[in-house]
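Data block below; observations after.
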Amino acid sequence: MNDPIGDMLTRIRNAQMRGKSTTSTPASKLRGWVLDVLADEGYIRGYEKTTDVNGHPAFEISLKYFDGTPVIREVKRVSKPGRRVYMSVKDIPQVRQGLGVSIVSTSKGVMSDASARAANIGGEVLCTVF
């Protein structure tokens with residue numbers, strides 16, 4: 001697999017289209033950090049570390065719905081393995097005039113766009129969520 005973050009976001013998108021309450025994805029540190037930001041911003045209920053049928057570590061993600069519709073309306077991968085997108089703090093985009101969130105990988109860790117602006121630090125824009 002070349003794009004583990006893109007794979008995780010697609011699993012979340014597909015599970016929400018089917019109305020599933022949970023989905024699973026293989027575990028990694030970067031995926032865990034991205035899930036932490038999604039949970040802090042209120043886009044997922046949370047996640048827990050489990051093991052799959054082969055004994056490999058995995059994350060069980062609890063999805064969030066409001067009145068039967070998914071909380072995550074749109075999730076878009078910005079920085080891809082073929083084209084990395086780095087931005088300074090003043091160039092980090094606001095998603096839907098601040099209603100959405102950009103997830104940024106910085107030298108201080110993975111954080112939301114608002115946290116990156118508050119820390120006055122730029123980095124690689126991983127994805128946008130609305």
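Going by the structure tokens order, chains are called A, B, ..., each with residues numbered from 1, while ligands are numbered from 1 in the order shown.
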> Contacts of stretch 102-110 of chain A at 10 Å or less, counting only C-alpha atoms, minus same-chain residues fewer than 3 places along, as a count of residues only?
Replying inline: 36
> chain A: which residues are alpha helix (DSSP H) by DSSP, as an NGL selection string?
Replying inline: :A and (4-17 or 29-40 or 113-119)
> Given the choices A:Val101, A:Ile12, A:Ala27, A:Ile5, which gets closest to A:Lys64 if the distance is worked out from only C-alpha atoms?
Replying inline: A:Ile12
> Which neighbours of A:Glu60 fall inside 10 Å, counting only C-alpha atoms, when residues of the same chain fewer than 4 positions from it are skipped, and could you give them as JSON, numbers by chain?
Replying inline: {"A": [22, 23, 24, 25, 26, 27, 46, 47, 48, 49, 50, 51, 52]}
>> Residues within 10 Å of A:Gly19, please, as a count of residues only. Count only C-alpha atoms; anything in the same chain fewer than 2 positions from it doesn't count.
In response: 12
